$ cat query_39.pdb   # PDB, C-alpha atoms
ATOM      1  CA  MET A 557      19.099  67.622  -0.736  1.00  0.00           C
ATOM      2  CA  HIS A 558      22.319  69.397  -0.131  1.00  0.00           C
ATOM      3  CA  LEU A 559      24.926  69.378  -2.881  1.00  0.00           C
ATOM      4  CA  HIS A 560      28.396  70.737  -2.733  1.00  0.00           C
ATOM      5  CA  LYS A 561      29.075  73.663  -5.084  1.00  0.00           C
ATOM      6  CA  TYR A 562      31.634  71.667  -7.090  1.00  0.00           C
ATOM      7  CA  GLU A 563      29.262  68.724  -7.402  1.00  0.00           C
ATOM      8  CA  LYS A 564      26.693  71.075  -8.933  1.00  0.00           C
ATOM      9  CA  TRP A 565      29.261  72.383 -11.418  1.00  0.00           C
ATOM     10  CA  TRP A 566      30.184  68.861 -12.422  1.00  0.00           C
ATOM     11  CA  LEU A 567      26.550  67.746 -12.778  1.00  0.00           C
ATOM     12  CA  ILE A 568      25.750  70.782 -14.948  1.00  0.00           C
ATOM     13  CA  PHE A 569      28.766  69.983 -17.137  1.00  0.00           C
ATOM     14  CA  GLY A 570      27.774  66.303 -17.429  1.00  0.00           C
ATOM     15  CA  VAL A 571      24.109  66.915 -18.237  1.00  0.00           C
ATOM     16  CA  GLY A 572      25.083  69.763 -20.597  1.00  0.00           C
ATOM     17  CA  THR A 573      27.434  67.429 -22.501  1.00  0.00           C
ATOM     18  CA  LEU A 574      24.667  64.842 -22.794  1.00  0.00           C
ATOM     19  CA  ILE A 575      22.251  67.422 -24.204  1.00  0.00           C
ATOM     20  CA  ALA A 576      24.903  68.776 -26.593  1.00  0.00           C
ATOM     21  CA  PHE A 577      25.652  65.318 -27.993  1.00  0.00           C
ATOM     22  CA  LEU A 578      21.971  64.436 -28.343  1.00  0.00           C
ATOM     23  CA  LEU A 579      21.487  67.650 -30.344  1.00  0.00           C
ATOM     24  CA  ILE A 580      24.504  66.835 -32.546  1.00  0.00           C
ATOM     25  CA  LEU A 581      23.127  63.321 -33.112  1.00  0.00           C
ATOM     26  CA  ALA A 582      19.666  64.654 -33.983  1.00  0.00           C
ATOM     27  CA  TYR A 583      21.165  67.254 -36.357  1.00  0.00           C
ATOM     28  CA  GLY A 584      23.155  64.546 -38.123  1.00  0.00           C
ATOM     29  CA  ALA A 585      20.277  62.093 -38.346  1.00  0.00           C
ATOM     30  CA  PHE A 586      17.327  64.345 -39.178  1.00  0.00           C
ATOM     31  CA  TYR A 587      18.884  67.352 -40.918  1.00  0.00           C
ATOM     32  CA  LEU A 588      21.916  65.875 -42.674  1.00  0.00           C
ATOM     33  CA  GLY A 589      20.299  62.467 -43.188  1.00  0.00           C
ATOM     34  CA  THR A 590      23.227  60.456 -41.818  1.00  0.00           C
ATOM     35  CA  HIS A 591      22.507  56.748 -41.545  1.00  0.00           C
ATOM     36  CA  PRO A 592      24.318  53.415 -41.467  1.00  0.00           C
ATOM     37  CA  GLN A 593      25.780  52.492 -44.873  1.00  0.00           C
ATOM     38  CA  SER A 594      23.523  49.456 -45.222  1.00  0.00           C
ATOM     39  CA  HIS A 595      20.224  50.973 -44.234  1.00  0.00           C
ATOM     40  CA  GLY A 596      17.577  48.670 -45.553  1.00  0.00           C
ATOM     41  CA  VAL A 597      18.348  48.484 -49.282  1.00  0.00           C
ATOM     42  CA  THR A 598      18.140  44.731 -49.742  1.00  0.00           C
ATOM     43  CA  ILE A 599      19.445  42.234 -52.301  1.00  0.00           C
ATOM     44  CA  ASP A 600      19.185  38.448 -52.563  1.00  0.00           C
ATOM     45  CA  PRO A 601      22.666  37.298 -51.448  1.00  0.00           C
ATOM     46  CA  GLU A 602      22.326  34.048 -53.396  1.00  0.00           C
ATOM     47  CA  ASN A 603      21.557  35.816 -56.642  1.00  0.00           C
ATOM     48  CA  ILE A 604      23.629  38.997 -56.656  1.00  0.00           C
ATOM     49  CA  GLY A 605      24.079  38.912 -60.446  1.00  0.00           C
ATOM     50  CA  ALA A 606      20.344  39.441 -60.896  1.00  0.00           C
ATOM     51  CA  GLU A 607      20.837  43.054 -59.857  1.00  0.00           C
ATOM     52  CA  GLU A 608      21.965  45.198 -62.806  1.00  0.00           C
ATOM     53  CA  THR A 609      24.497  47.084 -60.653  1.00  0.00           C
ATOM     54  CA  PHE A 610      26.365  43.925 -59.671  1.00  0.00           C
ATOM     55  CA  LYS A 611      26.464  42.112 -62.997  1.00  0.00           C
ATOM     56  CA  PRO A 612      30.118  41.091 -63.713  1.00  0.00           C
ATOM     57  CA  GLU A 613      30.445  43.686 -66.516  1.00  0.00           C
ATOM     58  CA  ASN A 614      29.313  46.494 -64.219  1.00  0.00           C
ATOM     59  CA  LEU A 615      31.781  45.783 -61.431  1.00  0.00           C
ATOM     60  CA  GLY A 616      34.708  48.056 -60.725  1.00  0.00           C
ATOM     61  CA  LEU A 617      35.148  51.752 -61.326  1.00  0.00           C
ATOM     62  CA  THR A 618      32.882  53.475 -63.833  1.00  0.00           C
ATOM     63  CA  LYS A 619      33.154  57.109 -64.827  1.00  0.00           C
ATOM     64  CA  LEU A 620      29.769  58.809 -64.888  1.00  0.00           C
ATOM     65  CA  ASP A 621      30.816  62.355 -65.533  1.00  0.00           C
ATOM     66  CA  GLU A 622      33.787  64.678 -65.013  1.00  0.00           C
ATOM     67  CA  GLY A 623      34.823  64.074 -61.389  1.00  0.00           C
ATOM     68  CA  LYS A 624      31.981  61.631 -60.762  1.00  0.00           C
ATOM     69  CA  TYR A 625      32.565  57.925 -60.391  1.00  0.00           C
ATOM     70  CA  VAL A 626      30.760  54.794 -59.265  1.00  0.00           C
ATOM     71  CA  LEU A 627      32.614  51.877 -57.721  1.00  0.00           C
ATOM     72  CA  ASN A 628      30.664  48.616 -57.624  1.00  0.00           C
ATOM     73  CA  VAL A 629      32.226  45.850 -55.578  1.00  0.00           C
ATOM     74  CA  VAL A 630      31.349  42.284 -54.678  1.00  0.00           C
ATOM     75  CA  ALA A 631      33.203  41.327 -51.514  1.00  0.00           C
ATOM     76  CA  SER A 632      33.420  37.605 -50.905  1.00  0.00           C
ATOM     77  CA  ALA A 633      35.646  35.237 -48.950  1.00  0.00           C
ATOM     78  CA  PHE A 634      38.423  36.172 -49.672  1.00  0.00           C
ATOM     79  CA  ASN A 635      38.417  38.613 -52.529  1.00  0.00           C
ATOM     80  CA  TYR A 636      37.221  41.999 -53.717  1.00  0.00           C
ATOM     81  CA  ASP A 637      35.722  41.650 -57.164  1.00  0.00           C
ATOM     82  CA  LEU A 638      36.514  44.920 -58.938  1.00  0.00           C
ATOM     83  CA  GLY A 639      35.824  43.624 -62.418  1.00  0.00           C
ATOM     84  CA  THR A 640      38.348  42.625 -65.065  1.00  0.00           C
ATOM     85  CA  ASP A 641      40.711  44.605 -67.293  1.00  0.00           C
ATOM     86  CA  GLU A 642      40.995  44.401 -71.136  1.00  0.00           C
ATOM     87  CA  GLU A 643      43.085  41.233 -70.864  1.00  0.00           C
ATOM     88  CA  GLY A 644      40.505  39.580 -68.643  1.00  0.00           C
ATOM     89  CA  LYS A 645      42.662  39.753 -65.506  1.00  0.00           C
ATOM     90  CA  PRO A 646      40.976  40.695 -62.231  1.00  0.00           C
ATOM     91  CA  VAL A 647      41.439  44.353 -61.324  1.00  0.00           C
ATOM     92  CA  LYS A 648      43.353  44.885 -58.086  1.00  0.00           C
ATOM     93  CA  HIS A 649      44.471  48.475 -58.576  1.00  0.00           C
ATOM     94  CA  ILE A 650      42.179  51.354 -59.358  1.00  0.00           C
ATOM     95  CA  GLN A 651      43.041  54.956 -60.166  1.00  0.00           C
ATOM     96  CA  ILE A 652      40.851  57.905 -59.342  1.00  0.00           C
ATOM     97  CA  PRO A 653      41.726  61.557 -60.064  1.00  0.00           C
ATOM     98  CA  LYS A 654      41.900  63.652 -56.914  1.00  0.00           C
ATOM     99  CA  GLY A 655      38.878  65.705 -55.977  1.00  0.00           C
ATOM    100  CA  SER A 656      36.451  63.217 -57.532  1.00  0.00           C
ATOM    101  CA  THR A 657      33.404  61.989 -55.718  1.00  0.00           C
ATOM    102  CA  VAL A 658      32.999  58.250 -55.726  1.00  0.00           C
ATOM    103  CA  LEU A 659      29.764  56.459 -54.962  1.00  0.00           C
ATOM    104  CA  ILE A 660      30.769  53.099 -53.512  1.00  0.00           C
ATOM    105  CA  GLN A 661      28.237  50.266 -53.687  1.00  0.00           C
ATOM    106  CA  ALA A 662      29.187  46.940 -52.133  1.00  0.00           C
ATOM    107  CA  VAL A 663      27.518  43.597 -51.547  1.00  0.00           C
ATOM    108  CA  THR A 664      28.520  40.158 -50.338  1.00  0.00           C
ATOM    109  CA  PRO A 665      27.161  36.694 -51.138  1.00  0.00           C
ATOM    110  CA  ASP A 666      28.567  34.998 -48.034  1.00  0.00           C
ATOM    111  CA  VAL A 667      29.569  36.514 -44.690  1.00  0.00           C
ATOM    112  CA  ILE A 668      30.023  39.983 -43.220  1.00  0.00           C
ATOM    113  CA  HIS A 669      32.986  41.813 -44.695  1.00  0.00           C
ATOM    114  CA  GLY A 670      34.456  45.236 -44.200  1.00  0.00           C
ATOM    115  CA  PHE A 671      35.199  47.841 -46.834  1.00  0.00           C
ATOM    116  CA  ASN A 672      37.823  50.288 -45.712  1.00  0.00           C
ATOM    117  CA  ILE A 673      40.063  52.493 -47.803  1.00  0.00           C
ATOM    118  CA  ALA A 674      42.600  53.019 -45.041  1.00  0.00           C
ATOM    119  CA  GLY A 675      43.346  56.670 -44.352  1.00  0.00           C
ATOM    120  CA  THR A 676      40.071  57.939 -45.829  1.00  0.00           C
ATOM    121  CA  ASN A 677      36.495  58.137 -44.558  1.00  0.00           C
ATOM    122  CA  ALA A 678      35.449  55.249 -46.826  1.00  0.00           C
ATOM    123  CA  ASN A 679      34.686  52.681 -44.173  1.00  0.00           C
ATOM    124  CA  MET A 680      31.649  50.451 -43.992  1.00  0.00           C
ATOM    125  CA  MET A 681      30.335  46.998 -43.204  1.00  0.00           C
ATOM    126  CA  VAL A 682      29.155  44.788 -46.040  1.00  0.00           C
ATOM    127  CA  GLU A 683      26.402  42.461 -44.871  1.00  0.00           C
ATOM    128  CA  PRO A 684      24.806  39.610 -46.814  1.00  0.00           C
ATOM    129  CA  GLY A 685      21.349  40.683 -47.969  1.00  0.00           C
ATOM    130  CA  PHE A 686      22.036  44.416 -47.987  1.00  0.00           C
ATOM    131  CA  ILE A 687      23.558  46.917 -50.385  1.00  0.00           C
ATOM    132  CA  SER A 688      26.054  49.092 -48.547  1.00  0.00           C
ATOM    133  CA  SER A 689      26.670  52.431 -50.151  1.00  0.00           C
ATOM    134  CA  MET A 690      28.384  55.682 -49.377  1.00  0.00           C
ATOM    135  CA  GLU A 691      29.771  58.632 -51.261  1.00  0.00           C
ATOM    136  CA  VAL A 692      33.277  59.878 -50.580  1.00  0.00           C
ATOM    137  CA  THR A 693      35.421  62.636 -52.022  1.00  0.00           C
ATOM    138  CA  LEU A 694      39.072  61.737 -52.334  1.00  0.00           C
ATOM    139  CA  ASN A 695      41.141  64.909 -52.103  1.00  0.00           C
ATOM    140  CA  LYS A 696      44.612  63.753 -51.119  1.00  0.00           C
ATOM    141  CA  PRO A 697      46.731  62.119 -53.830  1.00  0.00           C
ATOM    142  CA  GLY A 698      48.499  58.939 -52.870  1.00  0.00           C
ATOM    143  CA  GLU A 699      48.195  55.193 -52.769  1.00  0.00           C
ATOM    144  CA  TYR A 700      45.687  53.740 -50.355  1.00  0.00           C
ATOM    145  CA  THR A 701      44.905  50.178 -49.402  1.00  0.00           C
ATOM    146  CA  LEU A 702      41.379  48.893 -49.695  1.00  0.00           C
ATOM    147  CA  LEU A 703      41.029  46.199 -47.062  1.00  0.00           C
ATOM    148  CA  CYS A 704      38.584  44.073 -45.135  1.00  0.00           C
ATOM    149  CA  ASN A 705      38.314  45.171 -41.521  1.00  0.00           C
ATOM    150  CA  GLU A 706      35.706  42.651 -40.371  1.00  0.00           C
ATOM    151  CA  TYR A 707      37.212  39.273 -39.593  1.00  0.00           C
ATOM    152  CA  CYS A 708      35.669  36.998 -42.227  1.00  0.00           C
ATOM    153  CA  GLY A 709      37.642  33.753 -42.026  1.00  0.00           C
ATOM    154  CA  SER A 710      41.037  32.163 -42.545  1.00  0.00           C
ATOM    155  CA  GLY A 711      41.843  34.209 -45.663  1.00  0.00           C
ATOM    156  CA  HIS A 712      40.748  37.532 -44.197  1.00  0.00           C
ATOM    157  CA  HIS A 713      44.235  39.051 -44.560  1.00  0.00           C
ATOM    158  CA  MET A 714      44.290  38.272 -48.297  1.00  0.00           C
ATOM    159  CA  MET A 715      41.344  40.574 -49.001  1.00  0.00           C
ATOM    160  CA  PHE A 716      42.863  43.756 -50.282  1.00  0.00           C
ATOM    161  CA  ALA A 717      43.342  45.942 -53.322  1.00  0.00           C
ATOM    162  CA  THR A 718      44.945  49.323 -53.903  1.00  0.00           C
ATOM    163  CA  VAL A 719      43.291  52.619 -54.674  1.00  0.00           C
ATOM    164  CA  GLU A 720      45.453  55.326 -56.178  1.00  0.00           C
ATOM    165  CA  VAL A 721      44.344  58.926 -56.027  1.00  0.00           C
ATOM    166  CA  THR A 722      46.134  60.647 -58.875  1.00  0.00           C
ATOM    167  CA  GLU A 723      46.974  64.343 -59.385  1.00  0.00           C
TER     168      GLU A 723
ATOM    169  CA  MET B 210      15.102  84.026  21.775  1.00  0.00           C
ATOM    170  CA  LYS B 211      18.487  82.573  21.103  1.00  0.00           C
ATOM    171  CA  LYS B 212      19.142  80.809  17.834  1.00  0.00           C
ATOM    172  CA  LYS B 213      20.134  77.211  18.129  1.00  0.00           C
ATOM    173  CA  THR B 214      23.427  76.504  16.389  1.00  0.00           C
ATOM    174  CA  LEU B 215      24.269  73.140  14.939  1.00  0.00           C
ATOM    175  CA  PRO B 216      27.389  71.438  16.140  1.00  0.00           C
ATOM    176  CA  LYS B 217      30.313  72.505  14.000  1.00  0.00           C
ATOM    177  CA  SER B 218      31.302  69.051  12.743  1.00  0.00           C
ATOM    178  CA  SER B 219      28.084  68.426  10.736  1.00  0.00           C
ATOM    179  CA  SER B 220      27.839  71.878   9.149  1.00  0.00           C
ATOM    180  CA  GLN B 221      31.316  71.855   7.690  1.00  0.00           C
ATOM    181  CA  GLU B 222      31.592  70.951   4.003  1.00  0.00           C
ATOM    182  CA  PRO B 223      34.240  68.556   2.819  1.00  0.00           C
ATOM    183  CA  ASN B 224      37.048  70.072   0.797  1.00  0.00           C
ATOM    184  CA  LEU B 225      36.477  68.907  -2.814  1.00  0.00           C
ATOM    185  CA  LYS B 226      38.983  71.141  -4.551  1.00  0.00           C
ATOM    186  CA  GLY B 227      41.282  68.281  -5.507  1.00  0.00           C
ATOM    187  CA  THR B 228      38.296  66.286  -6.774  1.00  0.00           C
ATOM    188  CA  ILE B 229      37.002  69.024  -9.081  1.00  0.00           C
ATOM    189  CA  ILE B 230      40.505  69.620 -10.449  1.00  0.00           C
ATOM    190  CA  SER B 231      41.147  65.948 -11.182  1.00  0.00           C
ATOM    191  CA  VAL B 232      37.748  65.262 -12.803  1.00  0.00           C
ATOM    192  CA  SER B 233      38.094  68.461 -14.842  1.00  0.00           C
ATOM    193  CA  ILE B 234      41.436  67.269 -16.190  1.00  0.00           C
ATOM    194  CA  ILE B 235      39.843  63.975 -17.291  1.00  0.00           C
ATOM    195  CA  GLY B 236      36.857  65.848 -18.751  1.00  0.00           C
ATOM    196  CA  LEU B 237      39.100  68.158 -20.755  1.00  0.00           C
ATOM    197  CA  ILE B 238      41.111  65.202 -22.096  1.00  0.00           C
ATOM    198  CA  ILE B 239      37.864  63.553 -23.271  1.00  0.00           C
ATOM    199  CA  VAL B 240      36.590  66.771 -24.897  1.00  0.00           C
ATOM    200  CA  ALA B 241      39.963  67.412 -26.564  1.00  0.00           C
ATOM    201  CA  SER B 242      40.125  63.851 -27.947  1.00  0.00           C
ATOM    202  CA  TRP B 243      36.571  64.201 -29.311  1.00  0.00           C
ATOM    203  CA  PHE B 244      37.537  67.346 -31.218  1.00  0.00           C
ATOM    204  CA  GLY B 245      40.729  65.627 -32.366  1.00  0.00           C
ATOM    205  CA  VAL B 246      38.812  62.715 -33.880  1.00  0.00           C
ATOM    206  CA  PHE B 247      36.213  65.052 -35.390  1.00  0.00           C
ATOM    207  CA  GLY B 248      39.011  67.100 -36.969  1.00  0.00           C
ATOM    208  CA  LEU B 249      40.483  63.913 -38.426  1.00  0.00           C
ATOM    209  CA  PHE B 250      37.081  63.017 -39.914  1.00  0.00           C
ATOM    210  CA  LEU B 251      36.704  66.460 -41.504  1.00  0.00           C
ATOM    211  CA  SER B 252      40.230  66.567 -42.917  1.00  0.00           C
ATOM    212  CA  ARG B 253      40.075  63.188 -44.668  1.00  0.00           C
TER     213      ARG B 253
END
$ encode --input "query_39.pdb" --output "C-alpha cells"
Amino acid sequence: MHLHKYEKWWLIFGVGTLIAFLLILAYGAFYLGTHPQSHGVTIDPENIGAEETFKPENLGLTKLDEGKYVLNVVASAFNYDLGTDEEGKPVKHIQIPKGSTVLIQAVTPDVIHGFNIAGTNANMMVEPGFISSMEVTLNKPGEYTLLCNEYCGSGHHMMFATVEVTE
Amino acid sequence: MKKKTLPKSSSQEPNLKGTIISVSIIGLIIVASWFGVFGLFLSR
C-alpha cells in the first residue's frame, strides 16, 4: 500500500499519542493507584447511621492531628449534612487552615449527588450504596463553595455550603 | 531492453502540504489544551 509521506507522519503522531496516553493511564492506575472516588466500598443507603463514620455526632469536620482533618458528609435531597454546632444549628460554613490535608468521606441515602468544592480538585460523585472518599490538600486561602454538581431534583440549586481556607 | 514508464498522471502524488499544516494546527491546539488542563489540576 502506498502512503503519502505526510500521511505517514500524521499516522505516527496519532498512534504515538495513543500509546503515550495509554502509558499515562496505566501509570496512574497501577503505580499511583488512582481510582474512581466510589470504588466498591459499600454502605446500606437505608441505614447510613449504622456506620460509625456517618453517625450524626461524627458528621462534619474533625481534626485528627496538626494539619490533618476528616470531613464526613451525608448528602441528601437537598442538603449537605455537616453536623451541628454548639447551639444545635446545622453547620453550613467550615474553616480549614491552609496546607491541611482533608479526607472527605461522603454518602447519600437517596439519589446521586455531586460533591464539588468549586475551584479545587475536590470533586466526586456520591452514589447511594457507596462511600465516596478522596483526600485533598487545600493550599490557597479563600472562600470556596461546596456544591452539588449532579442534578438531583427540584431543590438541586439549594444544596450548598461554604468552605473557608484560612491563613 | 527499454524500461517501461508509467503514464505521468498516475505516478504523481497529490500535494498535501495544506492538509498537513491544517491538521497539525488542530493537533497542537489539542495538545496545548491538554497541558493547560493538566497544569490547572496540578496547581489547585
$ interface_residues --input "query_39.pdb" --of "chain B" --to "chain A" --cutoff "9 Å" --atoms "only C-alpha atoms" --output "list of chain:residue names"
B:Glu222, B:Pro223, B:Leu225, B:Lys226, B:Thr228, B:Ile229, B:Val232, B:Ser233, B:Phe250, B:Leu251, B:Arg253
$ axis_aligned_box --input "query_39.pdb" --around "segment 624-639 of chain A" --padding-each-side "3 Å" --output "lines of an AutoDock Vina configuration file"
center_x = 34.5
center_y = 48.4
center_z = -55.7
size_x = 13.8
size_y = 32.4
size_z = 19.5
$ resolve_selection --input "query_39.pdb" --expression "the PyMOL selection byres ((chain A and resi 611) around 12)" --output "VMD selection string"
chain A and resid 603 to 610 612 to 616 628 to 630 637 to 639 663
$ residues_around --input "query_39.pdb" --residues "segment 715-721 of chain A" --least-positions-apart "2" --cutoff "9 Å" --atoms "only C-alpha atoms" --output "count of residues only"
32
$ atom_distance --input "query_39.pdb" --atom1 "atom CA of Gly596 of chain A" --atom2 "atom CA of Gly584 of chain A"
18.4 Å
$ decode --input "query_39.pdb" --residues "segment 602-632 of chain A" --atoms "N, CA and C atoms" --output "PDB file, in the first residue's frame"
ATOM      1  N   GLU A 602     -30.109   2.708  53.219  1.00  0.00           N
ATOM      2  CA  GLU A 602     -31.295   2.902  54.064  1.00  0.00           C
ATOM      3  C   GLU A 602     -30.949   2.914  55.550  1.00  0.00           C
ATOM      4  N   ASN A 603     -29.691   2.633  55.852  1.00  0.00           N
ATOM      5  CA  ASN A 603     -29.297   2.611  57.254  1.00  0.00           C
ATOM      6  C   ASN A 603     -27.878   3.171  57.415  1.00  0.00           C
ATOM      7  N   ILE A 604     -27.731   4.420  56.943  1.00  0.00           N
ATOM      8  CA  ILE A 604     -26.416   5.066  56.951  1.00  0.00           C
ATOM      9  C   ILE A 604     -25.879   5.251  58.373  1.00  0.00           C
ATOM     10  N   GLY A 605     -26.779   5.545  59.311  1.00  0.00           N
ATOM     11  CA  GLY A 605     -26.389   5.786  60.701  1.00  0.00           C
ATOM     12  C   GLY A 605     -25.773   4.574  61.386  1.00  0.00           C
ATOM     13  N   ALA A 606     -25.931   3.401  60.781  1.00  0.00           N
ATOM     14  CA  ALA A 606     -25.356   2.194  61.378  1.00  0.00           C
ATOM     15  C   ALA A 606     -23.836   2.186  61.261  1.00  0.00           C
ATOM     16  N   GLU A 607     -23.341   2.963  60.311  1.00  0.00           N
ATOM     17  CA  GLU A 607     -21.889   3.062  60.111  1.00  0.00           C
ATOM     18  C   GLU A 607     -21.352   4.127  61.068  1.00  0.00           C
ATOM     19  N   GLU A 608     -20.354   3.769  61.860  1.00  0.00           N
ATOM     20  CA  GLU A 608     -19.780   4.673  62.854  1.00  0.00           C
ATOM     21  C   GLU A 608     -19.432   6.047  62.259  1.00  0.00           C
ATOM     22  N   THR A 609     -18.801   6.027  61.101  1.00  0.00           N
ATOM     23  CA  THR A 609     -18.341   7.254  60.431  1.00  0.00           C
ATOM     24  C   THR A 609     -19.471   8.248  60.185  1.00  0.00           C
ATOM     25  N   PHE A 610     -20.670   7.736  59.903  1.00  0.00           N
ATOM     26  CA  PHE A 610     -21.758   8.626  59.497  1.00  0.00           C
ATOM     27  C   PHE A 610     -22.839   8.774  60.554  1.00  0.00           C
ATOM     28  N   LYS A 611     -22.498   8.467  61.800  1.00  0.00           N
ATOM     29  CA  LYS A 611     -23.416   8.745  62.902  1.00  0.00           C
ATOM     30  C   LYS A 611     -23.511  10.266  63.031  1.00  0.00           C
ATOM     31  N   PRO A 612     -24.697  10.821  63.381  1.00  0.00           N
ATOM     32  CA  PRO A 612     -24.872  12.283  63.419  1.00  0.00           C
ATOM     33  C   PRO A 612     -23.745  13.019  64.157  1.00  0.00           C
ATOM     34  N   GLU A 613     -23.253  12.436  65.274  1.00  0.00           N
ATOM     35  CA  GLU A 613     -22.219  13.148  66.046  1.00  0.00           C
ATOM     36  C   GLU A 613     -20.847  13.125  65.360  1.00  0.00           C
ATOM     37  N   ASN A 614     -20.683  12.286  64.384  1.00  0.00           N
ATOM     38  CA  ASN A 614     -19.394  12.212  63.683  1.00  0.00           C
ATOM     39  C   ASN A 614     -19.370  12.978  62.360  1.00  0.00           C
ATOM     40  N   LEU A 615     -20.502  13.618  62.036  1.00  0.00           N
ATOM     41  CA  LEU A 615     -20.547  14.351  60.775  1.00  0.00           C
ATOM     42  C   LEU A 615     -19.823  15.686  60.897  1.00  0.00           C
ATOM     43  N   GLY A 616     -19.402  16.206  59.755  1.00  0.00           N
ATOM     44  CA  GLY A 616     -18.710  17.482  59.746  1.00  0.00           C
ATOM     45  C   GLY A 616     -17.210  17.310  59.814  1.00  0.00           C
ATOM     46  N   LEU A 617     -16.538  18.421  60.112  1.00  0.00           N
ATOM     47  CA  LEU A 617     -15.079  18.432  60.112  1.00  0.00           C
ATOM     48  C   LEU A 617     -14.527  17.995  61.462  1.00  0.00           C
ATOM     49  N   THR A 618     -13.613  17.057  61.441  1.00  0.00           N
ATOM     50  CA  THR A 618     -12.963  16.599  62.672  1.00  0.00           C
ATOM     51  C   THR A 618     -11.458  16.712  62.499  1.00  0.00           C
ATOM     52  N   LYS A 619     -10.802  17.286  63.509  1.00  0.00           N
ATOM     53  CA  LYS A 619      -9.355  17.406  63.444  1.00  0.00           C
ATOM     54  C   LYS A 619      -8.733  16.127  64.001  1.00  0.00           C
ATOM     55  N   LEU A 620      -7.883  15.510  63.203  1.00  0.00           N
ATOM     56  CA  LEU A 620      -7.227  14.279  63.646  1.00  0.00           C
ATOM     57  C   LEU A 620      -5.890  14.589  64.285  1.00  0.00           C
ATOM     58  N   ASP A 621      -5.179  15.504  63.628  1.00  0.00           N
ATOM     59  CA  ASP A 621      -3.822  15.814  64.024  1.00  0.00           C
ATOM     60  C   ASP A 621      -3.510  17.202  63.464  1.00  0.00           C
ATOM     61  N   GLU A 622      -2.317  17.717  63.736  1.00  0.00           N
ATOM     62  CA  GLU A 622      -1.933  19.008  63.174  1.00  0.00           C
ATOM     63  C   GLU A 622      -1.915  18.911  61.646  1.00  0.00           C
ATOM     64  N   GLY A 623      -2.792  19.697  60.990  1.00  0.00           N
ATOM     65  CA  GLY A 623      -2.830  19.682  59.525  1.00  0.00           C
ATOM     66  C   GLY A 623      -3.511  18.468  58.917  1.00  0.00           C
ATOM     67  N   LYS A 624      -4.193  17.696  59.742  1.00  0.00           N
ATOM     68  CA  LYS A 624      -4.907  16.514  59.230  1.00  0.00           C
ATOM     69  C   LYS A 624      -6.355  16.542  59.681  1.00  0.00           C
ATOM     70  N   TYR A 625      -7.249  16.500  58.703  1.00  0.00           N
ATOM     71  CA  TYR A 625      -8.671  16.592  59.022  1.00  0.00           C
ATOM     72  C   TYR A 625      -9.463  15.501  58.306  1.00  0.00           C
ATOM     73  N   VAL A 626     -10.636  15.221  58.861  1.00  0.00           N
ATOM     74  CA  VAL A 626     -11.586  14.324  58.196  1.00  0.00           C
ATOM     75  C   VAL A 626     -12.897  15.085  58.063  1.00  0.00           C
ATOM     76  N   LEU A 627     -13.506  15.013  56.903  1.00  0.00           N
ATOM     77  CA  LEU A 627     -14.787  15.670  56.689  1.00  0.00           C
ATOM     78  C   LEU A 627     -15.807  14.603  56.280  1.00  0.00           C
ATOM     79  N   ASN A 628     -16.729  14.309  57.197  1.00  0.00           N
ATOM     80  CA  ASN A 628     -17.767  13.320  56.905  1.00  0.00           C
ATOM     81  C   ASN A 628     -19.058  14.038  56.533  1.00  0.00           C
ATOM     82  N   VAL A 629     -19.635  13.648  55.425  1.00  0.00           N
ATOM     83  CA  VAL A 629     -20.803  14.358  54.910  1.00  0.00           C
ATOM     84  C   VAL A 629     -21.888  13.371  54.487  1.00  0.00           C
ATOM     85  N   VAL A 630     -23.127  13.697  54.833  1.00  0.00           N
ATOM     86  CA  VAL A 630     -24.260  12.969  54.268  1.00  0.00           C
ATOM     87  C   VAL A 630     -24.961  13.932  53.319  1.00  0.00           C
ATOM     88  N   ALA A 631     -24.940  13.607  52.044  1.00  0.00           N
ATOM     89  CA  ALA A 631     -25.593  14.442  51.041  1.00  0.00           C
ATOM     90  C   ALA A 631     -26.963  13.835  50.753  1.00  0.00           C
ATOM     91  N   SER A 632     -28.001  14.649  50.927  1.00  0.00           N
ATOM     92  CA  SER A 632     -29.336  14.137  50.622  1.00  0.00           C
ATOM     93  C   SER A 632     -30.126  15.246  49.930  1.00  0.00           C
TER      94      SER A 632
END
